[in-house]
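Chemist: Encoded as structure tokens, here's the structure I'll be asking about.
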Amino acid sequence: MIRTAYLAAEGFEAPLAEELTRRGAAVSAWHGRLALSPDAPVAVAWALDVWTEPREIEAPSVKAAADALRAMQRNWAAYPVDFHRRMALIGDRLPPVKARPLVFPEPAPAGHLGGWTLLAPDQLLASPTKTSPFVNGECRFVEDRSGPPSRAYLKLWEACVRFGAWPAVGEGCLDLGASPGGWTWALARLGAAVTAVDKAPLDPAVAAMPGVTVRQESAFALAPEPADWLFSDVVAYPDRLLALVQRWIEAKVVRRIVCTIKFQGPTDHAAAEAFAAIPGGQVAHLFHNKHELTLWWADPA
Ligand SMILES: C[S@@+](CC[C@H](N)C(=O)[O-])C[C@H]1O[C@@H](n2cnc3c(N)ncnc32)[C@H](O)[C@@H]1O
């Protein structure tokens with residue numbers, strides 16, 4: 001029996017498998033990037049999407065499969081691994097689901113969405129509920145290909161959409177490890193007052209944006225100072241970043257923290273768990289994250 005299915009991002013099946021083992025959840029098989037588990041859902045960071053109520057349904061025909069899905073609910077997102085033609089034919093019989101890219105800043109879609117796939121030509125796996133409001137956890141945006149100096153701004157946008165908040169006009173933001181300036185660009189575009197901190201220089205066009213102040217220094221030498229938001233995309237060992245984050249939280253000077261936890265070589269799961277254990281903190285592998293996790297922290301007080 002399959003009780004939960006966890007969808008890993010492409011190339012990140014291994015950290016998800018390791019994390020599930022650490023949480024005591026078995027994996028009976030993989031279907032593409034979908035880890036099929038006989039155990040109840042557990043909280044994991046390395047899944048883009050979690051199917052929380054999967055059902056195995058015999059579907060001897062295309063019509064039977066589509067009817068079974070429609071009988072459950074309207075909106076379904078397909079996760080195709082095999083049997084592509086048959087899945088397309090089933091999909092043609094379902095109401096269309098608009099998966100348009102978001103125009104930031106706008107909230108995540110609020111409509112209910114289930115996930116389905118074919119495990120065999122006549123065997124449907126369908127979950128009416130899943131954790132991500134996006135098709136296969138893929139949070140896509142209408143990109144800006146000329147403004148930002150790096151594509152890193154997409155993971156900042158995704159974090160804001162995923163956790164449902166972003167800086168308001170005039171709010172103070174510190175951006176640690178800001179160079180070349182993708183995150184600073186995104187924050188300045190929101191109308192925030194951004195202090196960009198990096199040992200390396202910022203892209204001159206971003207440095208010249210209204211509301212941007214540049215400080216060319218080390219993020220780790222910076223004493224905590226009052227700000228609405230602390231952002232960090234610094235390349236650093238997770239333990240060093242954890243100490244920095246804890247120092248800023250203990251100083252009670254910021255209301256929210258968004259930072260990437262980067263891994264070189266094997267994934268440091270113990271460090272990821274230490275970040276996730278911070279009261280008010282959540283850790284997730286976003287669609288735009290590489291071998292890194294995103295910490296979102298909001299002051300519980
Ligand atoms: C992944 S890049 C940041 C990209 C940036 N968020 C953007 O959107 O363009 C990581 C940055 O961390 C910076 N960095 C590494 N160690 C640092 C330190 N101790 N203090 C400040 N910045 C540091 C590097 O210079 C580099 O620019």
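In the structure tokens, chains take letters A, B, ... by order of appearance, with residues numbered from 1 within each chain and ligands from 1 in the order shown.
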Residues at most 9 Å from ligand 1, using only C-alpha atoms and all ligand atoms? Could they come as a PyMOL selection string?

Modeler: chain A and resi 148-156+175-186+197-203+216-222+231-236+260

Chemist: I need the residue nearest His269 of chain A from this list: A:Asp144, A:Glu19, A:Glu138, A:Glu10. Use only C-alpha atoms for the distance.

Modeler: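 Between A:Asp144, A:Glu19, A:Glu138, A:Glu10, the residue approaching His269 of chain A most closely is A:Glu19.
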
Chemist: I want to know what sits within 7 Å of Ala25 of chain A, based on only C-alpha atoms, with residues of the same chain fewer than 5 positions away left out; could you give that as a list in words?

Modeler: Leu20, Ser37 and Asp39 of chain A

Chemist: Among segment 12-199 of chain A, which ones does DSSP assign to alpha helix (DSSP H) (computed from the backbone)? Answer as a ChimeraX atom specification.

Modeler: /A:13-23,62-72,84-92,153-163,182-189

Chemist: Those same residues, written as a short mmCIF file (atom, residue, chain, number, x, y, z; two decimals), in the first residue's frame with N, CA and C atoms?

Modeler:
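Output contents, as saved in result_37.cif:
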```
data_model
loop_
_atom_site.label_atom_id
_atom_site.label_comp_id
_atom_site.auth_asym_id
_atom_site.auth_seq_id
_atom_site.Cartn_x
_atom_site.Cartn_y
_atom_site.Cartn_z
N GLU A 13 17.16 13.39 -5.69
CA GLU A 13 16.52 12.21 -5.11
C GLU A 13 17.31 11.71 -3.89
N ALA A 14 18.65 11.79 -3.96
CA ALA A 14 19.48 11.23 -2.88
C ALA A 14 19.24 11.95 -1.54
N PRO A 15 19.32 13.31 -1.51
CA PRO A 15 19.05 13.93 -0.20
C PRO A 15 17.65 13.65 0.32
N LEU A 16 16.66 13.53 -0.59
CA LEU A 16 15.31 13.21 -0.12
C LEU A 16 15.28 11.80 0.47
N ALA A 17 15.93 10.84 -0.21
CA ALA A 17 15.95 9.46 0.31
C ALA A 17 16.63 9.41 1.68
N GLU A 18 17.74 10.14 1.81
CA GLU A 18 18.46 10.15 3.10
C GLU A 18 17.59 10.76 4.19
N GLU A 19 16.89 11.84 3.82
CA GLU A 19 16.05 12.52 4.81
C GLU A 19 14.89 11.63 5.26
N LEU A 20 14.28 10.92 4.30
CA LEU A 20 13.17 10.02 4.66
C LEU A 20 13.67 8.92 5.61
N THR A 21 14.87 8.41 5.36
CA THR A 21 15.44 7.39 6.25
C THR A 21 15.61 7.98 7.65
N ARG A 22 16.12 9.21 7.71
CA ARG A 22 16.33 9.85 9.03
C ARG A 22 15.00 10.04 9.76
N ARG A 23 13.90 10.25 8.98
CA ARG A 23 12.58 10.47 9.61
C ARG A 23 11.85 9.15 9.89
N VAL A 62 -8.63 4.34 -20.84
CA VAL A 62 -8.41 5.78 -20.71
C VAL A 62 -9.64 6.43 -20.07
N LYS A 63 -10.82 6.03 -20.55
CA LYS A 63 -12.06 6.61 -20.04
C LYS A 63 -12.23 6.29 -18.55
N ALA A 64 -11.93 5.04 -18.18
CA ALA A 64 -12.08 4.65 -16.77
C ALA A 64 -11.15 5.49 -15.88
N ALA A 65 -9.94 5.72 -16.36
CA ALA A 65 -8.99 6.52 -15.56
C ALA A 65 -9.50 7.95 -15.40
N ALA A 66 -9.93 8.56 -16.53
CA ALA A 66 -10.41 9.95 -16.47
C ALA A 66 -11.66 10.04 -15.61
N ASP A 67 -12.56 9.07 -15.75
CA ASP A 67 -13.79 9.08 -14.94
C ASP A 67 -13.46 8.99 -13.45
N ALA A 68 -12.49 8.14 -13.12
CA ALA A 68 -12.13 7.97 -11.71
C ALA A 68 -11.58 9.28 -11.14
N LEU A 69 -10.76 9.95 -11.92
CA LEU A 69 -10.20 11.23 -11.45
C LEU A 69 -11.29 12.28 -11.31
N ARG A 70 -12.14 12.39 -12.34
CA ARG A 70 -13.21 13.41 -12.32
C ARG A 70 -14.21 13.16 -11.20
N ALA A 71 -14.38 11.89 -10.86
CA ALA A 71 -15.33 11.56 -9.78
C ALA A 71 -14.82 12.08 -8.43
N MET A 72 -13.49 12.23 -8.35
CA MET A 72 -12.92 12.67 -7.07
C MET A 72 -12.95 14.19 -6.92
N HIS A 84 3.43 7.89 -21.80
CA HIS A 84 3.14 9.31 -22.05
C HIS A 84 1.89 9.51 -22.89
N ARG A 85 1.73 8.65 -23.94
CA ARG A 85 0.58 8.84 -24.82
C ARG A 85 -0.72 8.58 -24.05
N ARG A 86 -0.71 7.52 -23.26
CA ARG A 86 -1.93 7.20 -22.50
C ARG A 86 -2.23 8.30 -21.47
N MET A 87 -1.17 8.80 -20.85
CA MET A 87 -1.40 9.89 -19.88
C MET A 87 -1.95 11.12 -20.58
N ALA A 88 -1.46 11.41 -21.79
CA ALA A 88 -1.96 12.58 -22.53
C ALA A 88 -3.44 12.39 -22.88
N LEU A 89 -3.81 11.17 -23.26
CA LEU A 89 -5.21 10.91 -23.62
C LEU A 89 -6.12 11.06 -22.39
N ILE A 90 -5.63 10.60 -21.25
CA ILE A 90 -6.41 10.76 -20.01
C ILE A 90 -6.53 12.26 -19.68
N GLY A 91 -5.40 12.97 -19.80
CA GLY A 91 -5.39 14.41 -19.52
C GLY A 91 -6.36 15.17 -20.40
N ASP A 92 -6.49 14.74 -21.66
CA ASP A 92 -7.42 15.40 -22.58
C ASP A 92 -8.87 15.31 -22.11
N TYR A 153 17.63 35.95 -8.28
CA TYR A 153 16.41 36.62 -7.78
C TYR A 153 15.21 35.68 -7.80
N LEU A 154 15.25 34.65 -8.67
CA LEU A 154 14.09 33.74 -8.77
C LEU A 154 13.88 32.96 -7.47
N LYS A 155 14.98 32.59 -6.80
CA LYS A 155 14.79 31.83 -5.55
C LYS A 155 14.29 32.75 -4.43
N LEU A 156 14.63 34.03 -4.52
CA LEU A 156 14.09 34.99 -3.54
C LEU A 156 12.59 35.17 -3.78
N TRP A 157 12.20 35.37 -5.03
CA TRP A 157 10.78 35.50 -5.37
C TRP A 157 10.02 34.26 -4.90
N GLU A 158 10.61 33.08 -5.19
CA GLU A 158 9.91 31.83 -4.82
C GLU A 158 9.74 31.71 -3.31
N ALA A 159 10.78 32.08 -2.56
CA ALA A 159 10.68 32.02 -1.09
C ALA A 159 9.53 32.92 -0.61
N CYS A 160 9.44 34.13 -1.18
CA CYS A 160 8.40 35.07 -0.76
C CYS A 160 7.01 34.52 -1.09
N VAL A 161 6.86 33.91 -2.26
CA VAL A 161 5.56 33.35 -2.65
C VAL A 161 5.24 32.14 -1.79
N ARG A 162 6.22 31.29 -1.60
CA ARG A 162 6.01 30.06 -0.85
C ARG A 162 5.58 30.35 0.60
N PHE A 163 6.22 31.37 1.21
CA PHE A 163 5.91 31.65 2.61
C PHE A 163 4.94 32.82 2.76
N GLY A 182 21.31 40.20 -7.67
CA GLY A 182 19.96 39.74 -8.06
C GLY A 182 18.93 39.96 -6.95
N TRP A 183 19.29 39.58 -5.73
CA TRP A 183 18.33 39.73 -4.61
C TRP A 183 18.13 41.22 -4.32
N THR A 184 19.23 41.99 -4.29
CA THR A 184 19.11 43.43 -4.03
C THR A 184 18.22 44.08 -5.07
N TRP A 185 18.39 43.69 -6.33
CA TRP A 185 17.54 44.21 -7.42
C TRP A 185 16.07 43.91 -7.12
N ALA A 186 15.78 42.66 -6.74
CA ALA A 186 14.39 42.26 -6.48
C ALA A 186 13.80 43.03 -5.29
N LEU A 187 14.61 43.24 -4.26
CA LEU A 187 14.12 43.95 -3.07
C LEU A 187 13.93 45.44 -3.37
N ALA A 188 14.87 46.03 -4.11
CA ALA A 188 14.76 47.45 -4.46
C ALA A 188 13.54 47.67 -5.35
N ARG A 189 13.24 46.71 -6.20
CA ARG A 189 12.06 46.83 -7.08
C ARG A 189 10.76 46.84 -6.28
#
```

Chemist: Contacts of segment 96-103 of chain A at 6 Å or less, counting only C-alpha atoms, minus same-chain residues fewer than 2 places along, as a ChimeraX atom specification?

Modeler: /A:140-142

Chemist: May I have the selected residues written with C-alpha atoms, as a JSON list (two decimals), in the first residue's frame?

Modeler:
```json
[["chain", "number", "residue", "atom", "x", "y", "z"],
["A", 140, "ARG", "CA", 7.52, 29.41, -12.33],
["A", 141, "PHE", "CA", 7.66, 33.15, -12.94],
["A", 142, "VAL", "CA", 7.52, 35.57, -15.83]]
```

Chemist: Taking only C-alpha atoms into account, which of A:Asn75, A:Ser61, A:Thr117, A:Ser146 comes nearest Phe134 of chain A?

Modeler: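 Result for the nearest residue to Phe134 of chain A: A:Asn75.
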
Chemist: Excluding Arg256 of chain A and its own-chain neighbours fewer than 3 positions away, which residues fall within 7 Å of it when counting only C-alpha atoms? Please give them as a list in words.

Modeler: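 Result of the neighbour search: Asp228, Trp229, Leu230, Trp297, Ala298 and Asp299 of chain A.
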
Chemist: Just write the chosen residues, C-alpha atoms, as a PDB file, in the first residue's frame.

Modeler:
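This went into part02.pdb:
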```pdb
ATOM      1  CA  ASP A 228      12.814  44.613   9.155  1.00  0.00           C
ATOM      2  CA  TRP A 229      14.305  41.793   7.096  1.00  0.00           C
ATOM      3  CA  LEU A 230      17.637  39.968   7.025  1.00  0.00           C
ATOM      4  CA  TRP A 297      12.136  32.626   9.838  1.00  0.00           C
ATOM      5  CA  ALA A 298       9.480  34.903  11.256  1.00  0.00           C
ATOM      6  CA  ASP A 299       9.731  36.201  14.806  1.00  0.00           C
TER       7      ASP A 299
END
```

Chemist: Which one is closest to Glu106 of chain A: A:Gly281, A:Pro266, A:Pro204, A:Gly164? Count only C-alpha atoms.

Modeler: A:Gly164

Chemist: Have a look at atom CA of Lys262 of chain A and atom CA of Ala8 of chain A and let me know their distance in Å, one decimal.

Modeler: 17.4 Å

Chemist: Which distance in Å separates atom CA of Val283 of chain A and atom CA of Val212 of chain A, to one decimal?

Modeler: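 That distance, rounded to one decimal, is 28.0 Å.
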
Chemist: Return as a ChimeraX atom specification the full set of residues in segment 48-248 of chain A whose backbone-based DSSP assignment is strand (DSSP E or B).

Modeler: /A:49-51,55-58,76-78,102,114-120,123-127,130,141,172-176,193-197,212-215,227-232

Chemist: Enter the distance from atom CA of Ile261 of chain A to atom CA of Gln282 of chain A, in Å, rounded to one decimal.

Modeler: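 Atom-to-atom, atom CA of Ile261 of chain A and atom CA of Gln282 of chain A are spaced 12.0 Å apart.
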
Chemist: I'd like to know which of A:Trp296, A:Trp76, A:Trp46, A:Phe104 is closest to Pro133 of chain A, using only C-alpha atoms.

Modeler: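 Comparing A:Trp296, A:Trp76, A:Trp46, A:Phe104 against Pro133 of chain A, the winner is A:Trp76.
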
Chemist: Would you tabulate, counting only C-alpha atoms, all residues of segment 27-144 of chain A that have an atom at most 10 Å from an atom of segment 284-289 of chain A, showing the closest pair of atoms and their distance in Å to one decimal, sorted by chain then ascending number, as a tab-separated table?

Modeler:
```
residue	atom	partner	partner_atom	distance
A:Val44	CA	A:Ala284	CA	7.8
A:Ala45	CA	A:Ala284	CA	4.4
A:Trp46	CA	A:His285	CA	5.1
A:Ala47	CA	A:His285	CA	6.7
A:Leu48	CA	A:Leu286	CA	6.5
A:Asp49	CA	A:Leu286	CA	9.8
A:Asn136	CA	A:Phe287	CA	9.6
A:Gly137	CA	A:Phe287	CA	6.8
A:Glu138	CA	A:Phe287	CA	5.7
A:Cys139	CA	A:Phe287	CA	6.3
A:Arg140	CA	A:Phe287	CA	8.4
```

Chemist: With distances taken over only C-alpha atoms, which of A:Ala108, A:Val135, A:Ile249, A:Met209 is nearest to Ala192 of chain A?

Modeler: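 Checking each of A:Ala108, A:Val135, A:Ile249, A:Met209 against Ala192 of chain A, counting only C-alpha atoms, the winner is A:Met209.
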
Chemist: Report as a list in words all protein, DNA and RNA residues lying within 10 Å of Ala120 of chain A, evaluated on only C-alpha atoms, omitting residues in the same chain fewer than 3 positions from it.

Modeler: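 Everything that qualifies: Glu58, Ala59, Asp82, Phe83, Thr117, Gln123, Leu124 and Leu125 of chain A.
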